[in-house]
Amino acid sequence: MAETPPPASKEPAGGAPDPNAERFAARPGQHESPYPTSPTAGPGHARHEMAGSAGYPQFEGPGAAQYGSEPLEPAPPVTSQPYPTYGPQGTGPGYAPPGMMPPPGAIPPQQPVYGYQQVTAAPGTLDVGRALSYGLAKFRANPGPWVGVTALGLVIYLAFVLVVQLTGPTTLLPLLLIFLAVLAGVWLLQAAMVRGALYETDGTPPSFGSYFRFVNAGNVLLTALLAFLLTFVGSAICFVPGFVAGLLCMFSLHYVVDQNQGPFEALKSSFTLVVANIWPVLLLALAVLVVTFLGLLLCGLGLLVAGPVATIAVTYAYRTLTGDTVSAW
């Protein structure tokens, strides 16, 4: 009777038995594992495998294929978004709706700015009460330098009185020269206070030396002299013309110190700004007169506070009416 041939050997060609052959042998109702074993793994379980309760190889990790009777482990839910979002959809930097992209060469729309921002005032929206409150807040935050600079005005006045008492001029010419010298000192001091107020509206509290950082002293003196002559001539006619002339020259030194304009150009710029915003500027001028009068009631010492507050308030109005940026309180 013919002998039945023996079954084919499952050993590899080298003669050594394959330790994984039995584990990966097909069983009834089961497919072979599609996952190859690691070539560097030794006997036993391959890398990322573990034996389940049914004895079949199972792979670790959420969502991996499972074999045998063990339950399928669900993947962990996503609890956070992969990327941060800012604001509603379609409001991020560089966003443009489909079909609304700007043509080549066109200026792109302004992008939103993140971080510290200054308040940009719209031209012609001056709030007089806010201007005075702003001036008081800035003075309270940096009182020392302001009091020191304002006190120089009292020193100049006392020096004028002392010189007149010592020299005793008997003619008009020496007295006029002394008076003009005092006026020059007052005008330069006024420009220094404007410089300090500009620093305040820029968000930089000035030190004492910062007030005198302007190099156009000649333009300051000429502009102040022209404004003084206009106001003096108007006051000689009547109080109202003098008040109107002073009102029109209200921002002339600001244009000289801030924008380095010449005397006539600064006066013209001040006239234009005042006429375009006559009612809020008029209310501010009346408020400044009231504050100055209240400062005079305390034997002049109240001017150490009233002077800085009024100067900062007028400078705030200058920044606001020209649409420039103003720092926060």
# chains A, B, ... in the order shown; residues from 1 in each chain; ligands from 1

call {"tool": "residues_around", "arguments": {"residues": "Ser210 of chain A", "least_positions_apart": "6", "cutoff": "10 Å", "atoms": "only C-alpha atoms", "output": "list in words"}}
result
Pro145, Ala192, Met193, Arg195, Gly196 and Tyr199 of chain A

call {"tool": "write_last_selection", "arguments": {"atoms": "all heavy atoms", "output": "compact mmCIF listing (two decimals), in the first residue's frame"}}
result
# COMPACT_ATOMS: atom_id res chain seq x y z
N PRO A 145 8.08 117.69 38.70
CA PRO A 145 8.64 118.52 37.62
C PRO A 145 7.72 119.66 37.20
O PRO A 145 8.20 120.76 36.89
CB PRO A 145 8.84 117.52 36.48
CG PRO A 145 8.96 116.19 37.14
CD PRO A 145 8.05 116.26 38.33
N ALA A 192 8.39 125.87 27.14
CA ALA A 192 8.88 124.69 27.88
C ALA A 192 7.71 123.89 28.46
O ALA A 192 7.72 122.65 28.43
CB ALA A 192 9.82 125.13 28.99
N MET A 193 6.70 124.57 28.95
CA MET A 193 5.54 123.88 29.49
C MET A 193 4.75 123.18 28.38
O MET A 193 4.22 122.08 28.57
CB MET A 193 4.65 124.85 30.25
CG MET A 193 5.33 125.45 31.49
SD MET A 193 4.26 126.60 32.40
CE MET A 193 3.03 125.48 33.06
N ARG A 195 6.16 121.97 25.70
CA ARG A 195 6.98 120.79 25.40
C ARG A 195 6.69 119.66 26.41
O ARG A 195 6.55 118.50 26.03
CB ARG A 195 8.45 121.18 25.45
CG ARG A 195 9.45 120.04 25.29
CD ARG A 195 9.48 119.53 23.86
NE ARG A 195 8.48 118.51 23.61
CZ ARG A 195 8.24 117.98 22.44
NH1 ARG A 195 8.90 118.39 21.37
NH2 ARG A 195 7.32 117.04 22.29
N GLY A 196 6.59 120.02 27.69
CA GLY A 196 6.27 119.01 28.70
C GLY A 196 4.88 118.43 28.53
O GLY A 196 4.68 117.21 28.70
N TYR A 199 4.89 115.86 25.84
CA TYR A 199 5.41 114.60 26.36
C TYR A 199 4.31 113.85 27.12
O TYR A 199 4.19 112.62 27.02
CB TYR A 199 6.59 114.85 27.29
CG TYR A 199 7.92 115.02 26.58
CD1 TYR A 199 8.70 116.16 26.78
CD2 TYR A 199 8.41 114.04 25.72
CE1 TYR A 199 9.91 116.32 26.14
CE2 TYR A 199 9.63 114.20 25.07
CZ TYR A 199 10.38 115.34 25.29
OH TYR A 199 11.59 115.49 24.66

call {"tool": "atom_distance", "arguments": {"atom1": "atom CA of Val274 of chain A", "atom2": "atom CA of Thr292 of chain A"}}
result
20.7 Å

call {"tool": "residues_around", "arguments": {"residues": "segment 247-253 of chain A", "least_positions_apart": "5", "cutoff": "9 Å", "atoms": "only C-alpha atoms", "output": "ChimeraX atom specification"}}
result
/A:190-191,194,219-220,223-224,227,230-231,242,258,263,265-275,281-282,285,314-315,318

call {"tool": "write_last_selection", "arguments": {"atoms": "N, CA and C atoms", "output": "compact mmCIF listing (two decimals), in the first residue's frame"}}
result
# COMPACT_ATOMS: atom_id res chain seq x y z
N GLN A 190 6.80 129.36 28.80
CA GLN A 190 5.54 128.85 28.27
C GLN A 190 5.79 127.77 27.22
N ALA A 191 6.78 127.99 26.36
CA ALA A 191 7.13 126.97 25.37
C ALA A 191 7.65 125.70 26.04
N VAL A 194 4.69 123.80 27.19
CA VAL A 194 4.05 123.15 26.06
C VAL A 194 4.82 121.89 25.68
N ASN A 219 12.06 131.03 16.80
CA ASN A 219 10.67 131.00 16.31
C ASN A 219 9.68 131.13 17.45
N VAL A 220 10.02 130.57 18.61
CA VAL A 220 9.14 130.70 19.78
C VAL A 220 9.00 132.17 20.16
N THR A 223 7.06 134.18 17.39
CA THR A 223 5.63 133.83 17.38
C THR A 223 4.92 134.42 18.59
N ALA A 224 5.55 134.29 19.76
CA ALA A 224 4.95 134.85 20.97
C ALA A 224 4.85 136.38 20.89
N ALA A 227 1.90 137.24 18.58
CA ALA A 227 0.63 136.98 19.27
C ALA A 227 0.38 138.03 20.35
N LEU A 230 -0.77 141.31 18.62
CA LEU A 230 -2.16 141.22 18.16
C LEU A 230 -3.13 141.34 19.33
N THR A 231 -2.81 140.63 20.43
CA THR A 231 -3.70 140.68 21.60
C THR A 231 -3.68 142.07 22.23
N GLY A 242 -9.50 141.92 21.84
CA GLY A 242 -8.31 141.35 22.46
C GLY A 242 -8.51 139.89 22.84
N ASP A 258 5.88 121.67 18.39
CA ASP A 258 5.58 120.30 17.98
C ASP A 258 5.94 120.04 16.52
N PRO A 263 6.92 131.46 12.47
CA PRO A 263 5.94 132.30 13.18
C PRO A 263 4.64 132.51 12.41
N GLU A 265 3.46 130.90 9.74
CA GLU A 265 2.79 129.63 9.46
C GLU A 265 2.10 129.09 10.70
N ALA A 266 2.74 129.22 11.87
CA ALA A 266 2.13 128.74 13.12
C ALA A 266 0.88 129.54 13.45
N LEU A 267 0.94 130.87 13.27
CA LEU A 267 -0.24 131.68 13.54
C LEU A 267 -1.38 131.32 12.59
N LYS A 268 -1.06 131.11 11.32
CA LYS A 268 -2.09 130.73 10.36
C LYS A 268 -2.71 129.38 10.71
N SER A 269 -1.88 128.41 11.11
CA SER A 269 -2.39 127.09 11.48
C SER A 269 -3.28 127.19 12.71
N SER A 270 -2.89 128.02 13.67
CA SER A 270 -3.71 128.19 14.87
C SER A 270 -5.04 128.85 14.53
N PHE A 271 -5.02 129.88 13.69
CA PHE A 271 -6.26 130.54 13.29
C PHE A 271 -7.21 129.52 12.63
N THR A 272 -6.67 128.72 11.72
CA THR A 272 -7.49 127.75 10.99
C THR A 272 -8.11 126.72 11.93
N LEU A 273 -7.30 126.23 12.87
CA LEU A 273 -7.80 125.21 13.80
C LEU A 273 -8.88 125.77 14.72
N VAL A 274 -8.69 126.98 15.18
CA VAL A 274 -9.68 127.58 16.09
C VAL A 274 -10.99 127.87 15.36
N VAL A 275 -10.90 128.45 14.16
CA VAL A 275 -12.11 128.79 13.42
C VAL A 275 -12.91 127.54 13.07
N VAL A 281 -13.45 125.27 21.37
CA VAL A 281 -12.27 126.03 21.77
C VAL A 281 -12.67 127.21 22.65
N LEU A 282 -13.78 127.86 22.34
CA LEU A 282 -14.26 128.97 23.16
C LEU A 282 -14.60 128.49 24.57
N ALA A 285 -11.35 127.88 26.40
CA ALA A 285 -10.69 129.12 26.82
C ALA A 285 -11.36 129.72 28.05
N VAL A 314 -5.02 122.32 27.33
CA VAL A 314 -4.96 122.96 26.01
C VAL A 314 -4.19 122.07 25.03
N THR A 315 -3.13 121.42 25.51
CA THR A 315 -2.36 120.53 24.64
C THR A 315 -3.17 119.30 24.27
N TYR A 318 -5.31 120.41 21.52
CA TYR A 318 -4.53 120.50 20.28
C TYR A 318 -4.38 119.13 19.63

call {"tool": "residues_around", "arguments": {"residues": "Val128 of chain A", "least_positions_apart": "3", "cutoff": "8 Å", "atoms": "only C-alpha atoms", "output": "count of residues only"}}
result
6

call {"tool": "atom_distance", "arguments": {"atom1": "atom CA of Thr167 of chain A", "atom2": "atom CA of Leu152 of chain A"}}
result
22.2 Å

call {"tool": "atom_distance", "arguments": {"atom1": "atom CA of Leu296 of chain A", "atom2": "atom CA of Leu229 of chain A"}}
result
24.6 Å

call {"tool": "decode", "arguments": {"residues": "segment 157-172 of chain A", "atoms": "all heavy atoms", "output": "CSV table (one decimal), in the first residue's frame"}}
result
chain,number,residue,atom,x,y,z
A,157,TYR,N,9.1,136.6,37.8
A,157,TYR,CA,8.3,137.8,38.3
A,157,TYR,C,9.0,138.5,39.5
A,157,TYR,O,9.1,139.7,39.5
A,157,TYR,CB,6.9,137.4,38.7
A,157,TYR,CG,6.1,138.4,39.3
A,157,TYR,CD1,5.6,139.5,38.6
A,157,TYR,CD2,5.9,138.4,40.7
A,157,TYR,CE1,4.9,140.5,39.2
A,157,TYR,CE2,5.2,139.4,41.3
A,157,TYR,CZ,4.6,140.4,40.6
A,157,TYR,OH,3.9,141.4,41.2
A,158,LEU,N,9.5,137.7,40.4
A,158,LEU,CA,10.2,138.3,41.6
A,158,LEU,C,11.5,139.0,41.2
A,158,LEU,O,11.8,140.0,41.7
A,158,LEU,CB,10.4,137.2,42.6
A,158,LEU,CG,9.2,136.6,43.3
A,158,LEU,CD1,9.6,135.5,44.3
A,158,LEU,CD2,8.4,137.7,44.0
A,159,ALA,N,12.2,138.4,40.2
A,159,ALA,CA,13.4,139.0,39.7
A,159,ALA,C,13.1,140.3,39.0
A,159,ALA,O,13.8,141.3,39.1
A,159,ALA,CB,14.1,138.1,38.7
A,160,PHE,N,12.0,140.4,38.3
A,160,PHE,CA,11.6,141.7,37.6
A,160,PHE,C,11.3,142.7,38.7
A,160,PHE,O,11.8,143.9,38.6
A,160,PHE,CB,10.4,141.4,36.8
A,160,PHE,CG,9.7,142.7,36.3
A,160,PHE,CD1,10.3,143.5,35.3
A,160,PHE,CD2,8.5,143.1,36.8
A,160,PHE,CE1,9.7,144.6,34.8
A,160,PHE,CE2,7.9,144.3,36.4
A,160,PHE,CZ,8.5,145.0,35.4
A,161,VAL,N,10.6,142.4,39.7
A,161,VAL,CA,10.3,143.4,40.8
A,161,VAL,C,11.6,143.8,41.5
A,161,VAL,O,11.7,145.0,41.8
A,161,VAL,CB,9.3,142.7,41.8
A,161,VAL,CG1,9.1,143.7,43.0
A,161,VAL,CG2,8.0,142.4,41.1
A,162,LEU,N,12.5,142.8,41.7
A,162,LEU,CA,13.7,143.2,42.4
A,162,LEU,C,14.6,144.1,41.6
A,162,LEU,O,15.2,145.1,42.1
A,162,LEU,CB,14.5,141.9,42.7
A,162,LEU,CG,15.8,142.1,43.5
A,162,LEU,CD1,15.6,142.7,44.8
A,162,LEU,CD2,16.5,140.7,43.6
A,163,VAL,N,14.7,143.8,40.3
A,163,VAL,CA,15.5,144.7,39.4
A,163,VAL,C,14.9,146.1,39.3
A,163,VAL,O,15.6,147.1,39.4
A,163,VAL,CB,15.6,144.1,38.0
A,163,VAL,CG1,16.2,145.1,37.0
A,163,VAL,CG2,16.4,142.8,38.0
A,164,VAL,N,13.6,146.2,39.3
A,164,VAL,CA,13.0,147.6,39.2
A,164,VAL,C,13.2,148.3,40.5
A,164,VAL,O,13.5,149.5,40.5
A,164,VAL,CB,11.5,147.4,38.9
A,164,VAL,CG1,10.8,148.8,39.1
A,164,VAL,CG2,11.2,146.9,37.5
A,165,GLN,N,13.1,147.6,41.6
A,165,GLN,CA,13.3,148.3,42.9
A,165,GLN,C,14.8,148.7,43.1
A,165,GLN,O,15.1,149.8,43.7
A,165,GLN,CB,13.0,147.3,44.0
A,165,GLN,CG,11.5,147.0,44.1
A,165,GLN,CD,10.7,148.2,44.5
A,165,GLN,OE1,11.1,149.1,45.2
A,165,GLN,NE2,9.4,148.3,44.1
A,166,LEU,N,15.7,147.9,42.6
A,166,LEU,CA,17.2,148.2,42.8
A,166,LEU,C,17.6,149.3,41.8
A,166,LEU,O,18.4,150.2,42.2
A,166,LEU,CB,18.0,147.0,42.6
A,166,LEU,CG,17.9,145.9,43.7
A,166,LEU,CD1,18.7,144.7,43.3
A,166,LEU,CD2,18.2,146.4,45.0
A,167,THR,N,17.2,149.3,40.6
A,167,THR,CA,17.6,150.2,39.6
A,167,THR,C,16.8,151.5,39.6
A,167,THR,O,17.4,152.6,39.4
A,167,THR,CB,17.6,149.6,38.2
A,167,THR,OG1,16.2,149.2,37.9
A,167,THR,CG2,18.5,148.4,38.1
A,168,GLY,N,15.6,151.4,39.9
A,168,GLY,CA,14.7,152.6,40.0
A,168,GLY,C,14.7,153.4,38.7
A,168,GLY,O,15.1,154.6,38.7
A,169,PRO,N,14.4,152.8,37.5
A,169,PRO,CA,14.5,153.5,36.3
A,169,PRO,C,13.5,154.7,36.3
A,169,PRO,O,12.4,154.6,36.7
A,169,PRO,CB,14.1,152.5,35.2
A,169,PRO,CG,13.3,151.5,36.0
A,169,PRO,CD,13.8,151.4,37.4
A,170,THR,N,14.0,155.8,35.8
A,170,THR,CA,13.2,157.1,35.8
A,170,THR,C,12.7,157.4,34.4
A,170,THR,O,11.8,158.3,34.2
A,170,THR,CB,14.0,158.3,36.3
A,170,THR,OG1,15.2,158.4,35.5
A,170,THR,CG2,14.4,158.0,37.7
A,171,THR,N,13.2,156.7,33.4
A,171,THR,CA,12.7,156.9,32.0
A,171,THR,C,12.0,155.6,31.5
A,171,THR,O,12.1,154.6,32.1
A,171,THR,CB,13.8,157.2,31.0
A,171,THR,OG1,14.8,156.2,31.1
A,171,THR,CG2,14.5,158.5,31.5
A,172,LEU,N,11.3,155.8,30.4
A,172,LEU,CA,10.5,154.7,29.8
A,172,LEU,C,11.3,153.6,29.2
A,172,LEU,O,11.0,152.4,29.2
A,172,LEU,CB,9.4,155.3,28.8
A,172,LEU,CG,8.5,154.2,28.2
A,172,LEU,CD1,7.7,153.5,29.3
A,172,LEU,CD2,7.6,154.9,27.2
